[in-house]
$ cat model_14.cif   # mmCIF, C-alpha atoms and all ligand atoms
data_upload
#
loop_
_atom_site.label_atom_id
_atom_site.label_comp_id
_atom_site.auth_asym_id
_atom_site.auth_seq_id
_atom_site.Cartn_x
_atom_site.Cartn_y
_atom_site.Cartn_z
CA VAL A 620 -7.61 -44.18 21.53
CA ASN A 621 -4.93 -46.49 22.93
CA GLY A 622 -2.60 -43.71 23.98
CA ALA A 623 0.06 -41.53 22.37
CA SER A 624 2.20 -44.41 21.14
CA ASP A 625 -0.44 -45.29 18.54
CA SER A 626 -0.37 -41.90 16.91
CA ASP A 627 1.97 -41.00 14.13
CA CYS A 628 3.01 -37.61 12.85
CA TRP A 629 4.77 -36.79 9.63
CA LEU A 630 6.21 -33.30 9.66
CA GLN A 631 5.66 -31.91 6.18
CA ARG A 632 8.20 -29.23 5.40
CA PHE A 633 9.21 -27.33 2.29
CA GLU A 634 10.23 -23.86 1.30
CA VAL A 635 9.11 -21.70 -1.55
CA SER A 636 11.27 -18.76 -2.50
CA PHE A 637 9.93 -15.68 -4.20
CA GLU A 638 11.52 -13.10 -6.40
CA TYR A 639 10.20 -10.31 -8.55
CA PRO A 640 11.85 -7.43 -10.34
CA VAL A 641 10.89 -3.86 -9.51
CA TYR A 642 11.70 -1.50 -12.38
CA PHE A 643 11.99 2.27 -11.97
CA THR A 644 11.42 3.88 -15.32
CA ARG A 645 9.57 6.43 -17.44
CA GLY A 646 7.52 6.07 -20.60
CA VAL A 647 6.56 2.45 -19.94
CA PHE A 648 4.14 2.33 -22.88
CA ALA A 649 6.45 4.03 -25.39
CA PRO A 650 6.92 1.43 -28.15
CA ALA A 651 10.71 1.63 -27.80
CA SER A 652 10.65 0.66 -24.11
CA PRO A 653 11.52 -3.01 -23.56
CA VAL A 654 10.54 -2.93 -19.86
CA LEU A 655 6.96 -4.22 -19.93
CA ALA A 656 7.66 -6.94 -22.53
CA ASP A 657 10.76 -7.98 -20.54
CA ALA A 658 8.79 -8.06 -17.30
CA ILE A 659 5.95 -10.15 -18.69
CA GLY A 660 8.29 -12.52 -20.50
CA ARG A 661 10.91 -12.82 -17.80
CA LEU A 662 10.48 -16.56 -17.23
CA GLU A 663 9.90 -17.64 -20.84
CA PRO A 664 11.62 -15.05 -23.04
CA THR A 665 10.81 -16.87 -26.26
CA ARG A 666 7.13 -17.56 -25.65
CA ARG A 667 4.38 -15.19 -26.80
CA GLN A 668 2.68 -14.07 -23.59
CA ARG A 669 -1.05 -13.49 -23.14
CA ALA A 670 -1.96 -10.47 -21.08
CA LEU A 671 -4.96 -8.42 -20.03
CA VAL A 672 -4.37 -4.79 -19.08
CA VAL A 673 -6.72 -3.06 -16.65
CA VAL A 674 -6.52 0.69 -16.24
CA ASP A 675 -7.70 2.83 -13.31
CA GLU A 676 -10.45 5.20 -14.48
CA GLY A 677 -8.64 8.12 -12.85
CA VAL A 678 -5.52 7.31 -14.89
CA ALA A 679 -7.50 6.81 -18.10
CA GLY A 680 -9.14 10.21 -17.57
CA ALA A 681 -5.83 11.95 -16.96
CA TRP A 682 -4.06 10.24 -19.87
CA PRO A 683 -6.33 10.46 -22.93
CA GLY A 684 -5.18 8.01 -25.58
CA LEU A 685 -3.54 5.68 -23.05
CA GLY A 686 -5.61 2.69 -24.23
CA GLU A 687 -4.49 3.26 -27.82
CA ALA A 688 -0.88 3.70 -26.67
CA ILE A 689 -1.04 0.35 -24.88
CA GLY A 690 -2.43 -1.22 -28.05
CA ARG A 691 0.44 0.26 -30.10
CA TYR A 692 2.92 -0.99 -27.51
CA ALA A 693 1.59 -4.53 -27.82
CA ALA A 694 1.71 -4.28 -31.62
CA ALA A 695 5.34 -3.16 -31.46
CA HIS A 696 6.16 -6.17 -29.28
CA ALA A 697 3.81 -8.62 -31.01
CA ALA A 698 6.43 -11.34 -31.11
CA ARG A 699 6.43 -11.46 -27.30
CA LEU A 700 3.07 -10.04 -26.30
CA GLU A 701 -0.57 -10.65 -27.11
CA LEU A 702 -3.37 -8.62 -25.53
CA VAL A 703 -6.36 -10.90 -24.98
CA ALA A 704 -8.68 -7.87 -25.13
CA PRO A 705 -8.41 -4.09 -25.41
CA PRO A 706 -7.40 -2.46 -22.10
CA LEU A 707 -10.24 -2.52 -19.62
CA VAL A 708 -11.00 0.69 -17.71
CA LEU A 709 -12.12 0.04 -14.10
CA PRO A 710 -13.16 2.43 -11.31
CA GLY A 711 -10.22 3.50 -9.15
CA GLY A 712 -10.12 4.79 -5.60
CA GLU A 713 -11.52 3.11 -2.51
CA VAL A 714 -14.79 2.19 -4.26
CA ALA A 715 -12.77 -0.48 -6.07
CA LYS A 716 -12.23 -2.13 -2.68
CA ASN A 717 -15.57 -1.26 -1.08
CA ASP A 718 -17.98 -2.43 -3.78
CA PRO A 719 -18.03 -6.24 -4.09
CA ALA A 720 -19.51 -5.88 -7.59
CA GLN A 721 -16.16 -4.49 -8.80
CA LEU A 722 -14.31 -7.63 -7.74
CA GLY A 723 -17.05 -9.87 -9.15
CA ALA A 724 -17.04 -8.09 -12.49
CA LEU A 725 -13.27 -8.37 -12.86
CA LEU A 726 -13.30 -12.08 -11.97
CA ALA A 727 -16.05 -12.62 -14.54
CA ARG A 728 -13.86 -10.95 -17.18
CA LEU A 729 -10.87 -13.10 -16.25
CA HIS A 730 -13.07 -16.15 -16.64
CA ALA A 731 -14.58 -15.02 -19.96
CA LEU A 732 -11.14 -14.19 -21.36
CA ARG A 733 -9.75 -17.57 -20.28
CA LEU A 734 -6.83 -16.16 -18.38
CA ASP A 735 -4.72 -19.02 -17.09
CA ARG A 736 -1.94 -19.11 -14.53
CA HIS A 737 0.73 -18.36 -17.09
CA ALA A 738 -1.10 -15.31 -18.40
CA SER A 739 -0.52 -11.87 -16.91
CA LEU A 740 -2.93 -9.34 -15.50
CA VAL A 741 -1.29 -5.94 -15.92
CA VAL A 742 -2.72 -3.45 -13.44
CA VAL A 743 -2.21 0.24 -14.20
CA GLY A 744 -3.52 2.28 -11.31
CA GLY A 745 -3.51 3.45 -7.73
CA GLY A 746 -3.16 1.38 -4.58
CA ALA A 747 -6.88 0.67 -4.30
CA LEU A 748 -7.14 -0.85 -7.77
CA GLN A 749 -3.83 -2.68 -7.21
CA ASP A 750 -5.26 -4.22 -4.04
CA MET A 751 -8.57 -5.23 -5.64
CA ALA A 752 -7.17 -6.53 -8.93
CA GLY A 753 -4.31 -8.21 -7.08
CA PHE A 754 -6.83 -10.05 -4.94
CA ALA A 755 -8.86 -11.05 -8.00
CA ALA A 756 -5.69 -12.42 -9.59
CA ALA A 757 -4.60 -14.18 -6.39
CA THR A 758 -7.88 -16.09 -6.22
CA CYS A 759 -8.46 -16.74 -9.93
CA HIS A 760 -7.16 -20.28 -10.57
CA ARG A 761 -5.40 -19.81 -7.19
CA GLY A 762 -3.14 -17.23 -8.72
CA VAL A 763 -2.57 -15.72 -12.15
CA ARG A 764 0.46 -13.52 -12.67
CA VAL A 765 0.17 -9.85 -11.75
CA VAL A 766 2.36 -7.20 -13.29
CA ARG A 767 1.79 -4.01 -11.36
CA VAL A 768 2.17 -0.59 -12.88
CA PRO A 769 1.37 1.59 -9.86
CA THR A 770 0.46 5.18 -10.73
CA THR A 771 0.29 7.03 -7.40
CA VAL A 772 3.01 8.12 -4.99
CA LEU A 773 1.58 5.75 -2.40
CA ALA A 774 1.27 2.76 -4.70
CA GLN A 775 4.75 3.26 -6.20
CA ASN A 776 6.49 3.44 -2.84
CA ASP A 777 4.37 1.06 -0.76
CA ALA A 778 1.16 -0.72 -1.86
CA GLY A 779 2.35 -1.61 -5.36
CA VAL A 780 5.77 -2.99 -4.48
CA GLY A 781 4.65 -5.28 -1.65
CA VAL A 782 3.07 -8.70 -1.35
CA LYS A 783 -0.40 -7.89 -0.04
CA SER A 784 -3.71 -7.50 -1.78
CA GLY A 785 -7.26 -7.29 -0.58
CA VAL A 786 -10.67 -5.66 -0.45
CA ASN A 787 -12.79 -4.21 2.34
CA ALA A 788 -15.77 -6.16 3.70
CA PHE A 789 -18.20 -5.91 6.62
CA GLY A 790 -16.97 -2.37 7.23
CA ALA A 791 -13.43 -3.61 7.88
CA LYS A 792 -10.42 -2.57 5.82
CA ASN A 793 -8.74 -5.43 3.94
CA PHE A 794 -10.96 -8.05 5.58
CA LEU A 795 -10.64 -10.24 2.49
CA GLY A 796 -7.18 -10.53 1.10
CA ALA A 797 -4.19 -12.60 0.16
CA PHE A 798 -0.44 -12.60 0.44
CA ALA A 799 0.59 -12.99 -3.16
CA PRO A 800 3.86 -11.51 -4.45
CA PRO A 801 3.52 -9.83 -7.84
CA PHE A 802 5.19 -11.25 -10.94
CA ALA A 803 6.85 -7.89 -11.59
CA VAL A 804 6.43 -4.23 -10.66
CA ILE A 805 7.04 -1.25 -12.92
CA ASP A 806 7.17 2.18 -11.27
CA ASP A 807 6.82 4.74 -14.06
CA PHE A 808 7.43 8.19 -12.53
CA ASP A 809 5.73 9.94 -15.46
CA PHE A 810 2.33 8.92 -14.10
CA LEU A 811 2.86 11.04 -10.98
CA SER A 812 2.58 14.26 -12.99
CA THR A 813 -1.20 14.00 -13.31
CA LEU A 814 -1.97 13.12 -9.70
CA ALA A 815 -4.26 15.47 -7.83
CA PRO A 816 -2.17 17.42 -5.26
CA ARG A 817 -4.23 15.76 -2.55
CA ASP A 818 -3.24 12.26 -3.67
CA ARG A 819 0.37 13.30 -4.16
CA ARG A 820 0.53 14.54 -0.57
CA ALA A 821 -1.29 11.50 0.84
CA GLY A 822 1.25 9.13 -0.72
CA MET A 823 4.14 10.97 0.89
CA ALA A 824 2.84 10.01 4.34
CA GLU A 825 4.01 6.41 3.83
CA ALA A 826 7.47 7.67 2.86
CA VAL A 827 7.63 9.77 6.04
CA LYS A 828 6.56 6.67 7.95
CA VAL A 829 9.29 4.41 6.65
CA ALA A 830 11.91 7.17 6.96
CA ALA A 831 10.91 7.86 10.57
CA LEU A 832 11.12 4.15 11.41
CA ARG A 833 14.20 3.14 9.46
CA ASP A 834 16.27 5.87 7.87
CA PRO A 835 17.16 9.10 9.74
CA ALA A 836 19.19 10.38 6.77
CA PHE A 837 16.18 10.00 4.47
CA PHE A 838 14.06 11.75 7.09
CA THR A 839 16.49 14.70 7.13
CA TRP A 840 16.43 14.74 3.32
CA LEU A 841 12.61 14.86 3.39
CA GLU A 842 12.77 17.82 5.80
CA ALA A 843 15.15 19.67 3.50
CA GLU A 844 13.16 18.89 0.35
CA ALA A 845 9.70 19.41 1.88
CA PRO A 846 9.01 22.70 0.05
CA ARG A 847 9.91 21.15 -3.31
CA LEU A 848 7.98 17.96 -2.54
CA ALA A 849 4.92 19.92 -1.41
CA GLY A 850 5.11 21.85 -4.69
CA GLY A 851 5.10 18.65 -6.70
CA ASP A 852 8.69 18.85 -7.98
CA ASP A 853 9.06 15.89 -10.35
CA ALA A 854 12.69 14.95 -9.60
CA ALA A 855 12.26 15.24 -5.83
CA LEU A 856 9.12 13.08 -5.93
CA ALA A 857 10.91 10.41 -7.97
CA ARG A 858 13.70 10.30 -5.37
CA LEU A 859 11.18 10.03 -2.55
CA VAL A 860 9.40 7.16 -4.27
CA ARG A 861 12.61 5.33 -5.06
CA ARG A 862 14.05 5.50 -1.54
CA ALA A 863 10.78 4.69 0.23
CA ALA A 864 10.17 1.76 -2.14
CA GLU A 865 13.67 0.43 -1.38
CA LEU A 866 13.00 0.62 2.35
CA HIS A 867 9.64 -1.14 2.03
CA LEU A 868 11.20 -3.81 -0.20
CA ALA A 869 14.13 -4.33 2.17
CA HIS A 870 11.74 -4.82 5.04
CA ILE A 871 9.76 -7.48 3.16
CA ALA A 872 12.92 -9.30 2.07
CA THR A 873 14.89 -9.12 5.31
CA GLY A 874 12.39 -8.38 8.08
CA GLY A 875 11.89 -12.09 8.66
CA ASP A 876 8.11 -12.14 8.31
CA PRO A 877 7.01 -11.24 4.77
CA PHE A 878 3.61 -12.85 5.18
CA GLU A 879 3.01 -11.39 8.64
CA ARG A 880 2.57 -14.63 10.52
CA GLY A 881 3.68 -13.10 13.81
CA SER A 882 1.71 -10.55 15.78
CA ALA A 883 3.76 -7.52 14.83
CA ARG A 884 3.65 -5.33 11.76
CA PRO A 885 6.67 -3.13 12.32
CA LEU A 886 5.96 -0.87 9.34
CA ASP A 887 2.35 -0.23 10.25
CA TYR A 888 3.23 2.75 12.39
CA GLY A 889 0.18 4.94 12.94
CA HIS A 890 -2.04 2.41 11.20
CA TRP A 891 -4.22 1.16 14.07
CA SER A 892 -6.02 4.48 14.07
CA ALA A 893 -5.53 5.21 10.36
CA HIS A 894 -7.56 2.21 9.24
CA LYS A 895 -10.30 3.06 11.73
CA LEU A 896 -10.33 6.73 10.69
CA GLU A 897 -10.73 5.76 7.03
CA THR A 898 -13.82 3.74 7.92
CA LEU A 899 -15.16 6.32 10.44
CA SER A 900 -14.87 9.06 7.84
CA GLY A 901 -16.84 6.97 5.34
CA HIS A 902 -13.63 6.85 3.27
CA ARG A 903 -13.63 10.63 2.93
CA LEU A 904 -10.05 10.40 4.20
CA ARG A 905 -7.49 8.86 1.88
CA HIS A 906 -5.32 6.09 3.32
CA GLY A 907 -2.24 8.32 3.32
CA GLU A 908 -4.11 11.22 4.91
CA ALA A 909 -5.30 8.90 7.67
CA VAL A 910 -1.77 7.55 8.14
CA ALA A 911 -0.44 11.09 8.63
CA ILE A 912 -3.02 11.68 11.38
CA GLY A 913 -2.36 8.23 12.88
CA MET A 914 1.39 8.86 13.07
CA ALA A 915 0.84 12.30 14.63
CA LEU A 916 -1.53 10.77 17.17
CA ASP A 917 0.95 8.06 18.17
CA ALA A 918 3.81 10.57 18.28
CA CYS A 919 1.86 12.86 20.65
CA TYR A 920 0.87 9.84 22.72
CA ALA A 921 4.46 8.59 22.91
CA ALA A 922 5.80 12.03 23.74
CA ARG A 923 3.28 12.43 26.59
CA ALA A 924 4.23 8.95 27.85
CA GLY A 925 7.91 9.92 27.79
CA VAL A 926 8.75 7.26 25.19
CA LEU A 927 9.59 9.75 22.43
CA GLY A 928 11.51 12.98 22.94
CA ALA A 929 9.54 16.16 22.38
CA GLY A 930 12.09 17.26 19.80
CA ALA A 931 11.65 14.16 17.64
CA ALA A 932 7.85 14.28 17.93
CA GLY A 933 7.95 17.94 16.92
CA ARG A 934 10.08 17.13 13.87
CA LEU A 935 7.63 14.45 12.72
CA LEU A 936 4.60 16.70 13.08
CA ALA A 937 6.38 19.61 11.41
CA LEU A 938 7.49 17.48 8.45
CA LEU A 939 3.98 16.15 7.85
CA GLU A 940 2.62 19.70 7.96
CA ALA A 941 5.37 21.00 5.68
CA LEU A 942 4.31 18.40 3.12
CA GLY A 943 0.79 19.79 3.31
CA LEU A 944 -0.75 17.02 5.40
CA ARG A 945 -3.36 17.87 8.01
CA LEU A 946 -2.90 16.28 11.45
CA PHE A 947 -6.47 16.41 12.70
CA ASP A 948 -9.79 15.31 11.27
CA PRO A 949 -13.29 15.69 12.74
CA ALA A 950 -13.58 11.87 12.66
CA LEU A 951 -11.29 11.94 15.72
CA ARG A 952 -14.09 13.68 17.62
CA LEU A 953 -16.63 10.90 17.04
CA GLU A 954 -17.67 9.02 20.16
CA ASP A 955 -19.04 5.54 20.79
CA ALA A 956 -22.17 4.78 22.84
CA ASP A 957 -20.15 5.10 26.07
CA GLY A 958 -18.76 8.49 25.18
CA ARG A 959 -15.25 7.15 24.43
CA PRO A 960 -13.41 8.24 21.29
CA ALA A 961 -14.76 5.97 18.53
CA VAL A 962 -11.28 5.61 17.06
CA LEU A 963 -10.24 3.49 20.07
CA ALA A 964 -12.12 0.53 18.57
CA GLY A 965 -9.31 0.53 16.00
CA ILE A 966 -6.94 -0.90 18.61
CA GLU A 967 -8.84 -4.18 18.94
CA GLU A 968 -9.57 -4.33 15.20
CA PHE A 969 -5.86 -3.91 14.51
CA ARG A 970 -5.08 -6.79 16.88
CA GLU A 971 -7.77 -8.96 15.34
CA HIS A 972 -6.48 -8.36 11.80
CA LEU A 973 -3.09 -9.80 12.77
CA GLY A 974 -4.17 -12.21 15.44
CA GLY A 975 -2.27 -12.92 18.63
CA GLU A 976 -1.23 -10.32 21.15
CA LEU A 977 -1.79 -6.62 20.47
CA THR A 978 1.47 -5.25 19.12
CA VAL A 979 1.76 -1.59 18.23
CA THR A 980 4.93 0.03 16.96
CA LEU A 981 5.77 3.36 18.57
CA LEU A 982 8.52 5.70 17.47
CA THR A 983 11.16 6.21 20.19
CA ALA A 984 13.49 8.45 18.16
CA ILE A 985 13.83 9.36 14.49
CA GLY A 986 15.00 6.04 13.03
CA LYS A 987 14.12 3.95 16.09
CA SER A 988 10.98 2.25 17.33
CA ALA A 989 9.72 -0.11 20.00
CA GLU A 990 6.77 -2.43 20.31
CA VAL A 991 4.14 -1.96 23.00
CA HIS A 992 1.31 -4.32 23.86
CA ALA A 993 -1.19 -1.88 25.32
CA LEU A 994 -2.25 1.70 24.70
CA ARG A 995 -3.73 3.84 27.49
CA GLU A 996 -7.13 5.21 26.54
CA ASP A 997 -6.72 8.43 28.51
CA GLY A 998 -3.36 9.02 26.84
CA ILE A 999 -4.94 8.62 23.39
CA ALA A 1000 -7.78 10.99 24.34
CA GLU A 1001 -5.22 13.59 25.49
CA ALA A 1002 -3.26 13.20 22.27
CA ILE A 1003 -6.46 13.76 20.27
CA GLY A 1004 -7.06 16.95 22.25
CA GLU A 1005 -3.51 18.10 21.55
CA LEU A 1006 -3.86 17.56 17.80
CA GLU A 1007 -7.21 19.35 17.76
CA ALA A 1008 -5.74 22.36 19.56
CA ARG A 1009 -2.73 22.42 17.21
CA ASP A 1010 -5.05 22.24 14.20
CA ALA A 1011 -7.20 25.08 15.55
CA GLY A 1012 -4.05 27.14 16.04
CA ALA A 1013 -2.85 26.42 12.53
CA CYS A 1014 -6.21 27.36 11.03
CA SER A 1015 -6.82 30.53 13.06
N1 LIG A 1101 -1.31 -3.71 -0.21
C1 LIG A 1101 -0.58 -2.93 0.55
O1 LIG A 1101 0.47 -3.32 1.05
C2 LIG A 1101 -1.03 -1.52 0.80
C3 LIG A 1101 -0.15 -0.61 1.42
C4 LIG A 1101 -0.56 0.71 1.61
C5 LIG A 1101 -1.82 1.10 1.17
N2 LIG A 1101 -2.66 0.21 0.58
C6 LIG A 1101 -3.99 0.61 0.10
O2 LIG A 1101 -3.84 1.49 -1.01
C7 LIG A 1101 -5.04 2.27 -1.11
C8 LIG A 1101 -4.70 3.71 -1.39
O3 LIG A 1101 -4.00 3.81 -2.60
P1 LIG A 1101 -3.62 5.22 -3.28
O4 LIG A 1101 -3.14 6.16 -2.25
O5 LIG A 1101 -2.76 4.90 -4.44
O6 LIG A 1101 -5.02 5.83 -3.71
P2 LIG A 1101 -6.14 5.32 -4.73
O7 LIG A 1101 -5.80 4.07 -5.39
O8 LIG A 1101 -7.41 5.42 -3.97
O9 LIG A 1101 -6.10 6.48 -5.85
C9 LIG A 1101 -6.46 7.80 -5.54
C10 LIG A 1101 -7.10 8.48 -6.76
O10 LIG A 1101 -6.13 8.77 -7.74
C11 LIG A 1101 -6.54 8.33 -9.03
N3 LIG A 1101 -5.32 8.09 -9.77
C12 LIG A 1101 -4.48 7.04 -9.66
N4 LIG A 1101 -3.37 7.27 -10.40
C13 LIG A 1101 -3.53 8.46 -11.01
C14 LIG A 1101 -2.71 9.25 -11.90
N5 LIG A 1101 -1.49 8.85 -12.26
N6 LIG A 1101 -3.21 10.42 -12.33
C15 LIG A 1101 -4.43 10.86 -11.92
N7 LIG A 1101 -5.23 10.18 -11.08
C16 LIG A 1101 -4.78 9.00 -10.62
C17 LIG A 1101 -7.45 7.15 -8.73
O11 LIG A 1101 -8.37 6.93 -9.77
C18 LIG A 1101 -8.14 7.61 -7.45
O12 LIG A 1101 -9.24 8.41 -7.75
C19 LIG A 1101 -5.80 2.07 0.19
O13 LIG A 1101 -6.90 1.23 -0.03
C20 LIG A 1101 -4.80 1.40 1.09
O14 LIG A 1101 -5.41 0.58 2.06
C21 LIG A 1101 -2.27 -1.09 0.39
ZN ZN A 1102 -0.32 2.19 4.86
#

$ encode --input "model_14.cif" --output "structure tokens"
Amino acid sequence: VNGASDSDCWLQRFEVSFEYPVYFTRGVFAPASPVLADAIGRLEPTRRQRALVVVDEGVAGAWPGLGEAIGRYAAAHAARLELVAPPLVLPGGEVAKNDPAQLGALLARLHALRLDRHASLVVVGGGALQDMAGFAAATCHRGVRVVRVPTTVLAQNDAGVGVKSGVNAFGAKNFLGAFAPPFAVIDDFDFLSTLAPRDRRAGMAEAVKVAALRDPAFFTWLEAEAPRLAGGDDAALARLVRRAAELHLAHIATGGDPFERGSARPLDYGHWSAHKLETLSGHRLRHGEAVAIGMALDACYAARAGVLGAGAAGRLLALLEALGLRLFDPALRLEDADGRPAVLAGIEEFREHLGGELTVTLLTAIGKSAEVHALREDGIAEAIGELEARDAGACS
């Protein structure tokens, strides 16, 4: 009231560092494997740890006897591990993030089972269940430990190794969410063998993304291995997952903004439209499928704008197609009340999700990118037309 000299400001400052191990393994629930017990007990190796395991319904269906195997694993490591309840099977796929009852039911179980902050929630499943259960854990007691066992190509190379969790709300992807690093991550390549070909392909889109942005040699390797990868070759898929996970992890650790406080999300190439297309398609499109289309759209746009060479754009489109990913979806044809492509609303929603100035990453060469702060609507509409024509050609 009496002027600035009467006010006082204490600048509160502290740092919190994070670390978590990411294991690459096979046979995680074989009784002889020390990995899960090591991961859960990594801070207090001599204490008996309480844990609840939740399993994606899709995984439980593809791996009959998995619940019993997890029980036998805990029995074999009883000195270090106590399951607070038999493994809980929960719906997987986007419904896990779309239906608020799923989150509520899991939180109610965590409450009933008296999970505390030193207990672990072990999540065995795809990216959608990882996101939902991770968010439940992040908010329960302000954060119980999460040990992720991602079971899809996408979750093992991207969603499962990162620091984000969340659910969809009000028709917006990841509207509710938290930045909460996991306690540990265990990528078990064996799980990939039962993935539906569609989900296997979708997950490879995120690997193409991070290769195109950061690692030209990995991109060239993906081009060379595309036939094997498209065919589901186990060793090739494991290498893809491993390298793409390393690139995602390196970005989080060294990119300077692990909790995305700035306005840019350098690894969200193709995502402004991908998130919108997922919603516009009523989640008929998988995240990875939408990302493939989103990257193709931005590559065509950038090539038309002269930002990306036609050769590099062609390589990106050809690689996605060689992996079996489709680059057009009828959702791109949807229009808003003014006759504009409905997907354009994704630009503002993308900005809103981050806050601040619109910042979109565009590829400028294989391995290089630049940030732009506006996208031209007519350019996007032309790129949509180009992808539709290419798709029609491919299908005729
Ligand atoms: N948090 C992040 O940083 C981040 C990053 C990228 C994507 N995501 C999110 O991840 C989600 C997509 O994840 P996804 O691609 O793993 O798909 P998903 O979790 O939807 O799983 C796809 C299907 O595969 C089934 N499944 C999972 N593992 C299986 C296995 N081993 N064998 C047989 N079936 C199996 C599931 O039950 C589901 O039906 C999206 O919601 C996306 O927004 C999050
Ligand atoms: Zn993504």

$ residues_near_ligand --input "model_14.cif" --ligand "ligand ZN 1102 (chain A)" --cutoff "9 Å" --atoms "all atoms listed in the file" --output "PyMOL selection string"
chain A and resi 773+777-778+824-825+828+886-890+893-894+906-907+909-910

$ residues_near_ligand --input "model_14.cif" --ligand "ligand LIG 1101 (chain A)" --cutoff "6 Å" --atoms "all atoms listed in the file" --output "VMD selection string"
chain A and resid 675 to 678 681 711 to 713 744 to 748 750 770 to 771 773 to 774 777 to 778 781 783 to 784 810 to 811 813 to 814 818 822 906

$ residues_around --input "model_14.cif" --residues "range 964-973 of chain A" --least-positions-apart "5" --cutoff "6 Å" --atoms "all atoms listed in the file" --output "count of residues only"
4

$ atom_distance --input "model_14.cif" --atom1 "CA of Ala797 in chain A" --atom2 "CA of Phe754 in chain A"
6.3 Å

$ atom_distance --input "model_14.cif" --atom1 "CA of Leu740 in chain A" --atom2 "CA of Pro653 in chain A"
17.7 Å

$ residues_around --input "model_14.cif" --residues "Ser988 in chain A" --least-positions-apart "4" --cutoff "10 Å" --atoms "all atoms listed in the file" --output "JSON, numbers by chain"
{"A": [831, 832, 833, 885, 886, 888, 926, 927, 980, 981, 982, 983, 984]}

$ closest_residue --input "model_14.cif" --among "A:Leu662, A:Met751, A:Ala656, A:Ala836" --to "Tyr639 in chain A" --atoms "only C-alpha atoms"
A:Leu662

$ closest_residue --input "model_14.cif" --among "A:Ala915, A:Ala950, A:Ala849, A:Ile805" --to "Ser652 in chain A" --atoms "all atoms listed in the file"
A:Ile805

$ closest_residue --input "model_14.cif" --among "A:Asp1010, A:Asp853, A:Glu844, A:Asp627" --to "Arg645 in chain A" --atoms "only C-alpha atoms"
A:Asp853

$ closest_residue --input "model_14.cif" --among "A:Thr758, A:Thr839, A:Gln631, A:Thr644" --to "Arg934 in chain A" --atoms "only C-alpha atoms"
A:Thr839

$ atom_distance --input "model_14.cif" --atom1 "CA of Arg736 in chain A" --atom2 "CA of Arg669 in chain A"
10.3 Å

$ residues_near_point --input "model_14.cif" --point "(-6.8, 17.4, 21.4)" --cutoff "12 Å" --atoms "all atoms listed in the file" --output "number ranges by chain"
A: 915-916, 919-920, 946-949, 951-952, 960, 997-1012

$ closest_residue --input "model_14.cif" --among "A:Ala694, A:Leu841, A:Trp682, A:Val714" --to "Ser812 in chain A" --atoms "only C-alpha atoms"
A:Trp682

$ closest_residue --input "model_14.cif" --among "A:Ile985, A:Ala731, A:Val860, A:Leu685" --to "Arg819 in chain A" --atoms "all atoms listed in the file"
A:Val860

$ axis_aligned_box --input "model_14.cif" --around "range 801-820 of chain A" --padding-each-side "6 Å" --output "JSON"
{"center_x": 1.6, "center_y": 3.1, "center_z": -8.0, "size_x": 23.7, "size_y": 40.7, "size_z": 26.9}

$ residues_around --input "model_14.cif" --residues "Gly723 in chain A" --least-positions-apart "3" --cutoff "12 Å" --atoms "only C-alpha atoms" --output "JSON, numbers by chain"
{"A": [715, 716, 717, 718, 719, 720, 726, 727, 728, 729, 730, 751, 752, 754, 755, 756, 758, 759, 786]}

$ write_last_selection --input "model_14.cif" --atoms "C-alpha atoms" --output "PDB file, keeping the file's coordinate frame"
ATOM      1  CA  ALA A 715     -12.770  -0.480  -6.070  1.00  0.00           C
ATOM      2  CA  LYS A 716     -12.230  -2.130  -2.680  1.00  0.00           C
ATOM      3  CA  ASN A 717     -15.570  -1.260  -1.080  1.00  0.00           C
ATOM      4  CA  ASP A 718     -17.980  -2.430  -3.780  1.00  0.00           C
ATOM      5  CA  PRO A 719     -18.030  -6.240  -4.090  1.00  0.00           C
ATOM      6  CA  ALA A 720     -19.510  -5.880  -7.590  1.00  0.00           C
ATOM      7  CA  LEU A 726     -13.300 -12.080 -11.970  1.00  0.00           C
ATOM      8  CA  ALA A 727     -16.050 -12.620 -14.540  1.00  0.00           C
ATOM      9  CA  ARG A 728     -13.860 -10.950 -17.180  1.00  0.00           C
ATOM     10  CA  LEU A 729     -10.870 -13.100 -16.250  1.00  0.00           C
ATOM     11  CA  HIS A 730     -13.070 -16.150 -16.640  1.00  0.00           C
ATOM     12  CA  MET A 751      -8.570  -5.230  -5.640  1.00  0.00           C
ATOM     13  CA  ALA A 752      -7.170  -6.530  -8.930  1.00  0.00           C
ATOM     14  CA  PHE A 754      -6.830 -10.050  -4.940  1.00  0.00           C
ATOM     15  CA  ALA A 755      -8.860 -11.050  -8.000  1.00  0.00           C
ATOM     16  CA  ALA A 756      -5.690 -12.420  -9.590  1.00  0.00           C
ATOM     17  CA  THR A 758      -7.880 -16.090  -6.220  1.00  0.00           C
ATOM     18  CA  CYS A 759      -8.460 -16.740  -9.930  1.00  0.00           C
ATOM     19  CA  VAL A 786     -10.670  -5.660  -0.450  1.00  0.00           C
TER      20      VAL A 786
END

$ residues_around --input "model_14.cif" --residues "Gly690 in chain A" --least-positions-apart "4" --cutoff "9 Å" --atoms "only C-alpha atoms" --output "ChimeraX atom specification"
/A:685-686,694-695,702,705-706

$ residues_around --input "model_14.cif" --residues "Val741 in chain A" --least-positions-apart "5" --cutoff "7 Å" --atoms "only C-alpha atoms" --output "mmCIF file with C-alpha atoms, keeping the file's coordinate frame"
data_model
loop_
_atom_site.group_PDB
_atom_site.id
_atom_site.type_symbol
_atom_site.label_atom_id
_atom_site.label_comp_id
_atom_site.auth_asym_id
_atom_site.auth_seq_id
_atom_site.Cartn_x
_atom_site.Cartn_y
_atom_site.Cartn_z
ATOM 1 C CA ALA A 670 -1.960 -10.470 -21.080
ATOM 2 C CA LEU A 671 -4.960 -8.420 -20.030
ATOM 3 C CA VAL A 672 -4.370 -4.790 -19.080
ATOM 4 C CA VAL A 673 -6.720 -3.060 -16.650
ATOM 5 C CA VAL A 765 0.170 -9.850 -11.750
ATOM 6 C CA VAL A 766 2.360 -7.200 -13.290
ATOM 7 C CA ARG A 767 1.790 -4.010 -11.360
#
